[in-house]
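final.cif follows; it contains mmCIF, C-alpha atoms and all ligand atoms.
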data_upload
#
loop_
_atom_site.group_PDB
_atom_site.id
_atom_site.type_symbol
_atom_site.label_atom_id
_atom_site.label_comp_id
_atom_site.auth_asym_id
_atom_site.auth_seq_id
_atom_site.Cartn_x
_atom_site.Cartn_y
_atom_site.Cartn_z
ATOM 1 C CA MET A 159 15.959 -6.492 80.013
ATOM 2 C CA ILE A 160 16.672 -10.135 80.723
ATOM 3 C CA ASP A 161 14.310 -12.098 82.937
ATOM 4 C CA ILE A 162 15.049 -10.793 86.406
ATOM 5 C CA TYR A 163 12.869 -13.388 88.138
ATOM 6 C CA THR A 164 14.820 -16.298 86.655
ATOM 7 C CA ILE A 165 17.979 -14.669 87.952
ATOM 8 C CA ILE A 166 16.523 -14.151 91.433
ATOM 9 C CA GLN A 167 15.617 -17.829 91.609
ATOM 10 C CA LYS A 168 19.205 -18.793 90.892
ATOM 11 C CA LEU A 169 20.691 -16.499 93.557
ATOM 12 C CA PRO A 170 21.526 -18.066 96.947
ATOM 13 C CA LYS A 171 18.806 -17.668 99.585
ATOM 14 C CA ASN A 172 21.018 -17.879 102.664
ATOM 15 C CA VAL A 173 23.512 -15.077 102.491
ATOM 16 C CA ASN A 174 25.871 -14.352 105.359
ATOM 17 C CA TYR A 175 28.777 -12.831 103.514
ATOM 18 C CA ILE A 176 28.525 -10.688 100.400
ATOM 19 C CA GLY A 177 31.243 -9.098 98.293
ATOM 20 C CA VAL A 178 31.158 -6.590 95.453
ATOM 21 C CA LEU A 179 33.961 -5.847 93.021
ATOM 22 C CA THR A 180 33.594 -2.847 90.747
ATOM 23 C CA GLY A 181 35.497 -1.544 87.733
ATOM 24 C CA SER A 182 35.297 1.623 85.721
ATOM 25 C CA GLY A 183 32.092 0.518 83.929
ATOM 26 C CA ILE A 184 30.048 1.336 87.024
ATOM 27 C CA SER A 185 31.063 4.985 86.738
ATOM 28 C CA SER A 186 30.526 5.348 83.006
ATOM 29 C CA GLU A 187 26.899 6.394 83.529
ATOM 30 C CA SER A 188 28.191 9.069 85.887
ATOM 31 C CA GLY A 189 30.042 10.491 82.880
ATOM 32 C CA ILE A 190 33.513 9.124 83.647
ATOM 33 C CA PRO A 191 35.092 7.398 80.626
ATOM 34 C CA THR A 192 36.405 3.857 81.025
ATOM 35 C CA PHE A 193 40.000 3.179 79.977
ATOM 36 C CA ARG A 194 39.050 0.844 77.205
ATOM 37 C CA GLY A 195 36.024 2.694 75.914
ATOM 38 C CA LYS A 196 35.958 4.989 72.888
ATOM 39 C CA ASP A 197 36.966 8.024 74.992
ATOM 40 C CA GLY A 198 40.021 6.291 76.436
ATOM 41 C CA LEU A 199 42.602 8.176 74.377
ATOM 42 C CA TRP A 200 44.032 11.533 75.465
ATOM 43 C CA LYS A 201 46.266 13.542 73.087
ATOM 44 C CA ASN A 202 46.744 10.234 71.240
ATOM 45 C CA TYR A 203 48.172 8.510 74.309
ATOM 46 C CA ARG A 204 46.656 5.305 75.587
ATOM 47 C CA PRO A 205 46.174 5.071 79.383
ATOM 48 C CA GLU A 206 48.719 2.238 79.472
ATOM 49 C CA GLU A 207 51.302 4.721 78.161
ATOM 50 C CA LEU A 208 50.589 7.284 80.877
ATOM 51 C CA ALA A 209 49.673 5.326 83.995
ATOM 52 C CA THR A 210 53.122 3.817 84.508
ATOM 53 C CA PRO A 211 56.139 4.594 86.705
ATOM 54 C CA TYR A 212 58.216 4.787 83.531
ATOM 55 C CA ALA A 213 55.981 7.470 81.965
ATOM 56 C CA PHE A 214 56.133 9.503 85.180
ATOM 57 C CA GLN A 215 59.896 9.255 85.367
ATOM 58 C CA LYS A 216 60.195 10.332 81.735
ATOM 59 C CA ASN A 217 57.651 13.135 81.765
ATOM 60 C CA PRO A 218 55.988 13.946 85.120
ATOM 61 C CA VAL A 219 54.383 17.094 83.690
ATOM 62 C CA LEU A 220 52.575 15.113 80.976
ATOM 63 C CA VAL A 221 51.373 12.487 83.445
ATOM 64 C CA TRP A 222 50.175 15.106 85.939
ATOM 65 C CA GLU A 223 48.380 16.993 83.145
ATOM 66 C CA TRP A 224 46.539 13.804 82.229
ATOM 67 C CA TYR A 225 45.547 13.230 85.842
ATOM 68 C CA GLU A 226 44.500 16.860 86.158
ATOM 69 C CA MET A 227 42.235 16.477 83.109
ATOM 70 C CA ARG A 228 40.704 13.319 84.628
ATOM 71 C CA ARG A 229 40.260 15.021 88.005
ATOM 72 C CA GLN A 230 38.346 17.847 86.309
ATOM 73 C CA VAL A 231 36.007 15.296 84.687
ATOM 74 C CA ILE A 232 35.533 13.409 87.960
ATOM 75 C CA LYS A 233 35.066 16.563 90.055
ATOM 76 C CA ASN A 234 31.539 17.181 88.790
ATOM 77 C CA ALA A 235 30.500 13.529 88.538
ATOM 78 C CA LYS A 236 27.793 12.218 90.825
ATOM 79 C CA PRO A 237 27.200 8.646 92.000
ATOM 80 C CA ASN A 238 24.562 6.870 89.911
ATOM 81 C CA PRO A 239 21.843 4.355 90.929
ATOM 82 C CA ALA A 240 24.316 1.456 90.745
ATOM 83 C CA HIS A 241 26.579 3.091 93.347
ATOM 84 C CA ASN A 242 23.497 3.735 95.479
ATOM 85 C CA SER A 243 22.303 0.110 95.257
ATOM 86 C CA ILE A 244 25.659 -1.021 96.608
ATOM 87 C CA VAL A 245 25.242 1.325 99.580
ATOM 88 C CA GLU A 246 21.840 -0.256 100.237
ATOM 89 C CA MET A 247 23.370 -3.748 100.079
ATOM 90 C CA GLU A 248 25.909 -2.719 102.689
ATOM 91 C CA GLU A 249 23.122 -1.492 104.960
ATOM 92 C CA PHE A 250 21.168 -4.719 104.482
ATOM 93 C CA PHE A 251 23.872 -7.356 105.029
ATOM 94 C CA GLU A 252 25.885 -7.689 108.201
ATOM 95 C CA ASN A 253 29.050 -8.942 106.491
ATOM 96 C CA PHE A 254 29.747 -6.826 103.463
ATOM 97 C CA LEU A 255 32.862 -5.741 101.579
ATOM 98 C CA LEU A 256 33.133 -3.531 98.513
ATOM 99 C CA VAL A 257 36.388 -3.687 96.571
ATOM 100 C CA THR A 258 36.811 -1.179 93.777
ATOM 101 C CA GLN A 259 39.399 -0.767 91.055
ATOM 102 C CA ASN A 260 38.144 2.772 90.547
ATOM 103 C CA VAL A 261 40.086 5.775 91.701
ATOM 104 C CA ASP A 262 37.236 8.282 91.292
ATOM 105 C CA GLY A 263 35.973 8.294 94.892
ATOM 106 C CA LEU A 264 32.326 7.893 93.777
ATOM 107 C CA HIS A 265 31.611 4.941 96.080
ATOM 108 C CA GLU A 266 32.643 6.996 99.076
ATOM 109 C CA LYS A 267 30.618 9.936 97.783
ATOM 110 C CA ALA A 268 27.580 7.629 97.520
ATOM 111 C CA GLY A 269 28.026 6.578 101.162
ATOM 112 C CA SER A 270 29.823 3.218 100.964
ATOM 113 C CA LYS A 271 31.840 2.614 104.120
ATOM 114 C CA ASN A 272 33.266 -0.875 104.097
ATOM 115 C CA LEU A 273 35.323 -0.102 101.033
ATOM 116 C CA ILE A 274 38.767 -0.999 99.735
ATOM 117 C CA GLU A 275 40.147 1.148 96.927
ATOM 118 C CA LEU A 276 42.489 -1.409 95.424
ATOM 119 C CA HIS A 277 44.059 1.034 92.963
ATOM 120 C CA GLY A 278 44.165 4.130 95.161
ATOM 121 C CA ASN A 279 42.381 7.450 94.852
ATOM 122 C CA ILE A 280 42.851 10.143 92.248
ATOM 123 C CA TRP A 281 42.310 12.906 94.811
ATOM 124 C CA ARG A 282 45.269 11.819 96.893
ATOM 125 C CA ALA A 283 48.927 12.532 96.110
ATOM 126 C CA ARG A 284 51.948 10.997 97.745
ATOM 127 C CA CYS A 285 55.621 11.849 97.825
ATOM 128 C CA THR A 286 57.964 9.848 95.591
ATOM 129 C CA TYR A 287 60.597 10.039 98.338
ATOM 130 C CA CYS A 288 59.209 10.370 101.862
ATOM 131 C CA ASP A 289 55.985 9.149 103.519
ATOM 132 C CA TYR A 290 54.028 12.378 102.880
ATOM 133 C CA LYS A 291 50.449 12.050 101.559
ATOM 134 C CA GLU A 292 47.746 14.639 101.050
ATOM 135 C CA PHE A 293 44.366 15.195 99.393
ATOM 136 C CA LEU A 294 44.866 17.741 96.597
ATOM 137 C CA ASN A 295 42.059 19.955 95.378
ATOM 138 C CA THR A 296 41.847 20.835 91.705
ATOM 139 C CA PRO A 297 43.191 22.770 90.010
ATOM 140 C CA ILE A 298 46.745 22.056 91.107
ATOM 141 C CA GLU A 299 48.570 25.377 91.194
ATOM 142 C CA LYS A 300 51.914 24.204 89.895
ATOM 143 C CA ILE A 301 52.447 21.068 87.821
ATOM 144 C CA PRO A 302 54.227 18.887 88.814
ATOM 145 C CA PRO A 303 53.517 19.537 92.508
ATOM 146 C CA ALA A 304 56.344 19.201 95.030
ATOM 147 C CA CYS A 305 56.306 17.642 98.482
ATOM 148 C CA PRO A 306 55.989 20.360 101.157
ATOM 149 C CA LYS A 307 57.980 18.162 103.550
ATOM 150 C CA CYS A 308 61.067 17.194 101.524
ATOM 151 C CA GLY A 309 60.756 18.979 98.153
ATOM 152 C CA HIS A 310 60.739 15.838 95.975
ATOM 153 C CA LEU A 311 58.011 15.225 93.389
ATOM 154 C CA LEU A 312 54.507 14.301 94.444
ATOM 155 C CA ARG A 313 52.753 11.641 92.380
ATOM 156 C CA PRO A 314 49.108 10.565 92.185
ATOM 157 C CA ASP A 315 48.431 7.998 94.929
ATOM 158 C CA VAL A 316 47.190 5.373 92.506
ATOM 159 C CA LEU A 317 48.483 1.976 91.470
ATOM 160 C CA TRP A 318 50.076 2.173 88.040
ATOM 161 C CA PHE A 319 50.505 -0.575 85.467
ATOM 162 C CA GLY A 320 53.543 -2.634 86.447
ATOM 163 C CA GLU A 321 53.347 -1.731 90.157
ATOM 164 C CA SER A 322 52.763 -4.217 92.957
ATOM 165 C CA TYR A 323 49.702 -4.514 95.117
ATOM 166 C CA ASP A 324 49.890 -4.269 98.887
ATOM 167 C CA VAL A 325 50.000 -7.959 99.819
ATOM 168 C CA LYS A 326 48.342 -7.402 103.190
ATOM 169 C CA ILE A 327 45.338 -5.761 101.515
ATOM 170 C CA LEU A 328 45.112 -8.535 98.926
ATOM 171 C CA ASN A 329 45.179 -11.171 101.682
ATOM 172 C CA ASN A 330 42.384 -9.380 103.530
ATOM 173 C CA VAL A 331 40.258 -9.187 100.381
ATOM 174 C CA GLN A 332 40.917 -12.823 99.522
ATOM 175 C CA SER A 333 40.027 -14.098 102.966
ATOM 176 C CA PHE A 334 36.760 -12.097 102.934
ATOM 177 C CA PHE A 335 35.878 -13.069 99.358
ATOM 178 C CA ASN A 336 36.545 -16.741 100.158
ATOM 179 C CA LYS A 337 33.796 -16.577 102.783
ATOM 180 C CA CYS A 338 31.285 -14.933 100.457
ATOM 181 C CA ASP A 339 28.060 -16.617 99.471
ATOM 182 C CA VAL A 340 27.695 -14.161 96.591
ATOM 183 C CA ILE A 341 30.094 -11.802 94.819
ATOM 184 C CA PHE A 342 28.876 -9.202 92.337
ATOM 185 C CA VAL A 343 31.398 -8.151 89.683
ATOM 186 C CA ILE A 344 30.272 -4.938 88.064
ATOM 187 C CA GLY A 345 31.698 -3.132 85.027
ATOM 188 C CA SER A 346 35.182 -4.610 84.891
ATOM 189 C CA SER A 347 36.922 -5.902 81.758
ATOM 190 C CA GLY A 348 39.225 -8.224 83.678
ATOM 191 C CA GLN A 349 42.247 -6.886 81.800
ATOM 192 C CA VAL A 350 43.820 -6.251 85.191
ATOM 193 C CA PHE A 351 44.450 -9.815 86.266
ATOM 194 C CA VAL A 352 44.761 -9.737 90.084
ATOM 195 C CA PRO A 353 41.063 -8.934 90.776
ATOM 196 C CA VAL A 354 40.046 -11.741 88.373
ATOM 197 C CA TYR A 355 42.220 -14.117 90.379
ATOM 198 C CA LEU A 356 40.639 -13.002 93.682
ATOM 199 C CA VAL A 357 37.146 -13.676 92.345
ATOM 200 C CA LYS A 358 38.040 -17.004 90.716
ATOM 201 C CA GLN A 359 39.668 -18.238 93.949
ATOM 202 C CA ALA A 360 36.548 -17.252 95.884
ATOM 203 C CA GLN A 361 34.395 -19.179 93.442
ATOM 204 C CA LEU A 362 36.539 -22.270 94.000
ATOM 205 C CA GLN A 363 35.736 -21.858 97.707
ATOM 206 C CA GLY A 364 32.011 -21.806 96.936
ATOM 207 C CA SER A 365 31.132 -18.172 96.139
ATOM 208 C CA PHE A 366 28.374 -17.611 93.605
ATOM 209 C CA ILE A 367 29.530 -15.050 91.025
ATOM 210 C CA VAL A 368 27.135 -12.582 89.407
ATOM 211 C CA GLU A 369 28.537 -10.338 86.693
ATOM 212 C CA VAL A 370 26.981 -7.148 85.325
ATOM 213 C CA ASN A 371 28.657 -5.785 82.202
ATOM 214 C CA ILE A 372 27.487 -4.435 78.857
ATOM 215 C CA GLU A 373 30.073 -6.642 77.145
ATOM 216 C CA ARG A 374 31.630 -10.004 77.800
ATOM 217 C CA SER A 375 34.772 -9.830 79.916
ATOM 218 C CA LEU A 376 37.346 -12.205 81.356
ATOM 219 C CA TYR A 377 34.911 -12.801 84.239
ATOM 220 C CA THR A 378 32.133 -13.906 81.904
ATOM 221 C CA SER A 379 33.731 -17.253 81.107
ATOM 222 C CA PHE A 380 33.344 -18.402 84.715
ATOM 223 C CA ALA A 381 30.560 -16.235 86.186
ATOM 224 C CA ASP A 382 27.538 -18.188 87.438
ATOM 225 C CA ILE A 383 25.239 -15.491 86.069
ATOM 226 C CA PHE A 384 26.091 -12.895 83.445
ATOM 227 C CA ILE A 385 23.781 -9.899 83.128
ATOM 228 C CA PRO A 386 24.537 -8.063 79.857
ATOM 229 C CA GLU A 387 23.071 -4.726 80.935
ATOM 230 C CA LYS A 388 24.120 -1.248 81.995
ATOM 231 C CA ALA A 389 24.922 -1.277 85.708
ATOM 232 C CA ALA A 390 22.928 1.857 86.579
ATOM 233 C CA GLU A 391 19.829 0.399 84.934
ATOM 234 C CA SER A 392 19.986 -3.258 85.928
ATOM 235 C CA LEU A 393 21.520 -3.279 89.403
ATOM 236 C CA PRO A 394 18.778 -1.255 91.168
ATOM 237 C CA VAL A 395 16.082 -3.570 89.711
ATOM 238 C CA LEU A 396 18.040 -6.701 90.520
ATOM 239 C CA TRP A 397 18.786 -5.511 94.058
ATOM 240 C CA ARG A 398 15.177 -4.476 94.752
ATOM 241 C CA GLU A 399 13.777 -7.829 93.644
ATOM 242 C CA TRP A 400 16.452 -9.885 95.360
ATOM 243 C CA LYS A 401 16.049 -7.968 98.624
ATOM 244 C CA ASN A 402 12.291 -8.591 98.530
ATOM 245 C CA SER A 403 12.880 -12.303 98.020
ATOM 246 C CA LEU A 404 15.220 -12.409 101.046
ATOM 247 C CA LYS A 405 12.855 -10.697 103.490
HETATM 248 P P1 LIG A 501 38.118 -1.170 81.944
HETATM 249 O O1 LIG A 501 38.093 0.195 81.340
HETATM 250 O O2 LIG A 501 39.186 -2.107 81.546
HETATM 251 O O3 LIG A 501 36.726 -1.897 81.618
HETATM 252 C C1 LIG A 501 35.491 -1.287 81.792
HETATM 253 C C2 LIG A 501 34.418 -2.358 81.698
HETATM 254 O O4 LIG A 501 33.171 -1.763 81.998
HETATM 255 C C3 LIG A 501 34.297 -2.974 80.298
HETATM 256 O O5 LIG A 501 34.263 -4.383 80.418
HETATM 257 C C4 LIG A 501 32.947 -2.442 79.783
HETATM 258 O O6 LIG A 501 32.271 -3.362 78.957
HETATM 259 C C5 LIG A 501 32.196 -2.225 81.075
HETATM 260 N N1 LIG A 501 31.154 -1.201 81.036
HETATM 261 C C6 LIG A 501 31.185 -0.006 80.395
HETATM 262 N N2 LIG A 501 30.064 0.689 80.633
HETATM 263 C C7 LIG A 501 29.296 -0.096 81.453
HETATM 264 C C8 LIG A 501 28.025 0.064 82.052
HETATM 265 N N3 LIG A 501 27.293 1.180 81.872
HETATM 266 N N4 LIG A 501 27.543 -0.926 82.850
HETATM 267 C C9 LIG A 501 28.248 -2.064 83.041
HETATM 268 N N5 LIG A 501 29.481 -2.272 82.488
HETATM 269 C C10 LIG A 501 29.990 -1.300 81.705
HETATM 270 O O7 LIG A 501 38.066 -0.939 83.499
HETATM 271 P P2 LIG A 501 38.555 -1.818 84.720
HETATM 272 O O8 LIG A 501 38.228 -3.265 84.500
HETATM 273 O O9 LIG A 501 38.016 -1.129 85.909
HETATM 274 O O10 LIG A 501 40.155 -1.737 84.794
HETATM 275 C C11 LIG A 501 40.986 -0.741 84.289
HETATM 276 C C12 LIG A 501 41.639 0.218 85.259
HETATM 277 O O11 LIG A 501 41.057 1.430 84.955
HETATM 278 C C13 LIG A 501 41.460 0.091 86.728
HETATM 279 O O12 LIG A 501 42.691 -0.095 87.298
HETATM 280 C C14 LIG A 501 40.933 1.478 87.194
HETATM 281 O O13 LIG A 501 41.725 1.964 88.262
HETATM 282 C C15 LIG A 501 41.130 2.340 86.029
HETATM 283 N N6 LIG A 501 40.095 3.361 85.741
HETATM 284 C C16 LIG A 501 39.314 3.885 86.715
HETATM 285 C C17 LIG A 501 38.345 4.800 86.383
HETATM 286 C C18 LIG A 501 37.492 5.366 87.494
HETATM 287 O O14 LIG A 501 37.957 5.475 88.625
HETATM 288 N N7 LIG A 501 36.241 5.706 87.209
HETATM 289 C C19 LIG A 501 38.137 5.195 85.067
HETATM 290 C C20 LIG A 501 38.953 4.639 84.090
HETATM 291 C C21 LIG A 501 39.928 3.712 84.440
#
What is this structure when it is put down as structure tokens?
Ligand code: NAD
Amino acid sequence: MIDIYTIIQKLPKNVNYIGVLTGSGISSESGIPTFRGKDGLWKNYRPEELATPYAFQKNPVLVWEWYEMRRQVIKNAKPNPAHNSIVEMEEFFENFLLVTQNVDGLHEKAGSKNLIELHGNIWRARCTYCDYKEFLNTPIEKIPPACPKCGHLLRPDVLWFGESYDVKILNNVQSFFNKCDVIFVIGSSGQVFVPVYLVKQAQLQGSFIVEVNIERSLYTSFADIFIPEKAAESLPVLWREWKNSLK
């Protein structure tokens, strides 16, 4: 473990606004594989070959089967101490926002409330034609599922590679992040560029960036502090000590 007390000394003492950005690394100790980890492949397909509008158009059954497999893995997963520390941060600070790239719903399960799921939620499906959305329980009876309202295909309500973000949501995140005294970036490779941009812009406005990741990422080159540790092990210790220093 790196010297936690040196880190605490570097962290801002006056904190009014705090942001957290998480990626799939935070859920890996809950047993959910990351995309770029060793368990990323499924039937020899890379996630980038399945999580696209093109793949769904070509073979919706294959894409739904992949999501169904992931939903089965996620179904039994429980939030870990890193998710719980973020809930405690939210309870401690008045102005708090958690932005996640994860679709697994574990932050909500842990009790996070002020939460933006930037890439959607794997438990939700939406119609490819009309405005119908619903939470689907596993297992899905018939793959691919059809919209009960108009009969067209339902798709997972997640953001796929090559799809656009909701600009209004991005603007809201950016304006909050720009006010942040500290932003924690936890378990994200930075291969998805938009979240990196949001954090970098916030830093240019004065946010102090703390990264927790077992490996270097695209965030590491500009983070003010890089903690090369597992999130579920390091974040609870870091949070406990920092909270004590703020009291
Ligand atoms: P990524 O797979 O690209 O990167 C994961 C990062 O987590 C890596 O940098 C890795 O070093 C780090 N990491 C792994 N284990 C860690 C640990 N125990 N503690 C700290 N860091 C750890 O994931 P990403 O950056 O989130 O982006 C890829 C996309 O993957 C996102 O759009 C997301 O929607 C999707 N995804 C989500 C889930 C999920 O919901 N749990 C799972 C897989 C992929």
Determine the residue membership of the PyMOL selection byres (((chain A and resi 308-317) around 7) and not hetatm) for the file above and supply it as a PDB file with C-alpha atoms, in the coordinates of the input.
ATOM      1  CA  HIS A 277      44.059   1.034  92.963  1.00  0.00           C
ATOM      2  CA  GLY A 278      44.165   4.130  95.161  1.00  0.00           C
ATOM      3  CA  ASN A 279      42.381   7.450  94.852  1.00  0.00           C
ATOM      4  CA  ILE A 280      42.851  10.143  92.248  1.00  0.00           C
ATOM      5  CA  ARG A 282      45.269  11.819  96.893  1.00  0.00           C
ATOM      6  CA  ALA A 283      48.927  12.532  96.110  1.00  0.00           C
ATOM      7  CA  ARG A 284      51.948  10.997  97.745  1.00  0.00           C
ATOM      8  CA  CYS A 285      55.621  11.849  97.825  1.00  0.00           C
ATOM      9  CA  THR A 286      57.964   9.848  95.591  1.00  0.00           C
ATOM     10  CA  TYR A 287      60.597  10.039  98.338  1.00  0.00           C
ATOM     11  CA  PRO A 302      54.227  18.887  88.814  1.00  0.00           C
ATOM     12  CA  PRO A 303      53.517  19.537  92.508  1.00  0.00           C
ATOM     13  CA  ALA A 304      56.344  19.201  95.030  1.00  0.00           C
ATOM     14  CA  CYS A 305      56.306  17.642  98.482  1.00  0.00           C
ATOM     15  CA  PRO A 306      55.989  20.360 101.157  1.00  0.00           C
ATOM     16  CA  LYS A 307      57.980  18.162 103.550  1.00  0.00           C
ATOM     17  CA  TRP A 318      50.076   2.173  88.040  1.00  0.00           C
ATOM     18  CA  PHE A 319      50.505  -0.575  85.467  1.00  0.00           C
ATOM     19  CA  GLU A 321      53.347  -1.731  90.157  1.00  0.00           C
TER      20      GLU A 321
END
So which residues get picked by the PyMOL selection byres (((chain A and resi 377) around 12) and not hetatm) here, written as an MDAnalysis selection string?
chainID A and resid 179:181 341:358 361 367:371 373:376 378:385
So that I can see what lies close to Leu255 (chain A), please list as number ranges by chain the residues with an atom at most 12 Å from it, counting all atoms listed in the file and leaving out residues fewer than 5 positions away in the same chain.
A: 174-180, 244-245, 247-249, 270-275, 330-338, 340-342
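Pairwise distance (atom O2 of ligand LIG 501 (chain A), CA of Ser182 (chain A)) equals 6.8 Å.
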Taking all atoms listed in the file into account, name the residue in A:Trp281, A:Tyr163, A:Phe293, A:Trp222 that is nearest to ligand LIG 501 (chain A).
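Checking each candidate against ligand LIG 501 (chain A), we get A:Trp281 as the closest.
In this comparison, which uses only C-alpha atoms and all ligand atoms, the residue of A:Ile162, A:Ala389, A:Leu276, A:Leu208 approaching ligand LIG 501 (chain A) most closely is A:Ala389.
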To one decimal place in Å, what is the distance between CA of Pro218 (chain A) and atom C2 of ligand LIG 501 (chain A)?
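Taking CA of Pro218 (chain A) as the start and atom C2 of ligand LIG 501 (chain A) as the end point, the length is 27.3 Å.
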Have a look at A:Ile372, A:Pro297, A:Arg204, A:Leu264 and name the one nearest to Ala235 (chain A); count only C-alpha atoms.
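Residue with the minimum atom-to-atom distance to Ala235 (chain A): A:Leu264.
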